[in-house]
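Student: Structure in structure tokens, see below.
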Amino acid sequence: MAALLSVLSSLLVGIVLVFAPWTSLWDSNWLLQLWPGLRGFLLSAFTRGAVTGLGLVNVLLALGDAHRSLVGSEPQPGSPERGPYRERPLDRRP
């Protein structure tokens with residue numbers, strides 16, 4: 001249940017970050033009225049693109065987490081979850 005909530009929240013935040021900079025809500029932000037010096041920076045295409053990029057990263061991470069939760073992938077050899085000494089069982093012959 002916690003994994004599902006984590007995936008959904010990451011996905012929602014990512015979708016909002018992808019679309020919010022290109023809507024009228026971004027242009028009419030109340031922070032722009034409080035600090036007019038930030039207006040040029042926040043309304044620039046660079047800032048909008050950077051926020052959109054962070055949103056895309058969030059969406060991709062959420063989809064990766066969902067895939068790992070659904071598939072239940074086995075950790076790769078040498079990964080921290082598995083450890084270097086757990087790859088093969090010990091052969092204890094008398």
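Following the order of the structure tokens, chains are lettered A, B, ..., residues in each are numbered from 1, and ligands are numbered from 1.
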Set the distance at 12 Å and use only C-alpha atoms: which residues neighbour Leu56 in chain A once local chain neighbours fewer than 3 positions away are removed? I'd like the list as a list in words.

Tutor: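 Listing them by chain and then by number gives Ser10, Leu11, Leu12, Val13, Gly14, Ile15, Val16, Leu17, Val18, Phe19, Gly49, Ala50, Val51, Thr52, Gly53, Val59, Leu60, Leu61, Ala62 and Leu63 of chain A.
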
Student: Excluding same-chain residues fewer than 6 positions from Asn29 in chain A, what lies within 12 Å of it counting only C-alpha atoms, as a PyMOL selection string?

Tutor: chain A and resi 20-21+23+35-36+38-39+42-43

Student: Using N, CA and C atoms, can you export the residues from the last selection as an mmCIF file, in the first residue's frame?

Tutor:
data_model
loop_
_atom_site.group_PDB
_atom_site.id
_atom_site.type_symbol
_atom_site.label_atom_id
_atom_site.label_comp_id
_atom_site.auth_asym_id
_atom_site.auth_seq_id
_atom_site.Cartn_x
_atom_site.Cartn_y
_atom_site.Cartn_z
ATOM 1 N N ALA A 20 2.313 22.595 -15.425
ATOM 2 C CA ALA A 20 2.075 23.871 -14.738
ATOM 3 C C ALA A 20 2.846 25.060 -15.325
ATOM 4 N N PRO A 21 4.115 24.912 -15.706
ATOM 5 C CA PRO A 21 4.826 26.085 -16.209
ATOM 6 C C PRO A 21 4.265 26.660 -17.516
ATOM 7 N N THR A 23 0.937 26.914 -18.238
ATOM 8 C CA THR A 23 -0.451 27.344 -18.084
ATOM 9 C C THR A 23 -0.503 28.799 -17.606
ATOM 10 N N TRP A 35 7.529 39.631 -5.390
ATOM 11 C CA TRP A 35 8.927 39.852 -5.769
ATOM 12 C C TRP A 35 9.023 40.059 -7.275
ATOM 13 N N PRO A 36 8.863 41.295 -7.719
ATOM 14 C CA PRO A 36 8.879 41.555 -9.156
ATOM 15 C C PRO A 36 10.236 41.259 -9.805
ATOM 16 N N LEU A 38 11.907 38.597 -9.540
ATOM 17 C CA LEU A 38 11.921 37.197 -9.977
ATOM 18 C C LEU A 38 11.063 36.961 -11.217
ATOM 19 N N ARG A 39 10.266 37.933 -11.574
ATOM 20 C CA ARG A 39 9.317 37.764 -12.674
ATOM 21 C C ARG A 39 10.008 37.335 -13.973
ATOM 22 N N LEU A 42 11.389 33.661 -13.580
ATOM 23 C CA LEU A 42 10.372 32.615 -13.512
ATOM 24 C C LEU A 42 9.556 32.485 -14.787
ATOM 25 N N LEU A 43 9.455 33.553 -15.552
ATOM 26 C CA LEU A 43 8.686 33.486 -16.792
ATOM 27 C C LEU A 43 9.551 33.149 -18.003
#

Student: One decimal, in Å: what's the spacing between CA of Met1 in chain A and CA of Gly64 in chain A?

Tutor: 16.6 Å

Student: Ranking A:Leu31, A:Ala45, A:Val71, A:Ala66 by minimum distance to Ser9 in chain A and counting only C-alpha atoms, which one comes first?

Tutor: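 Closest to Ser9 in chain A, using only C-alpha atoms: A:Ala66.
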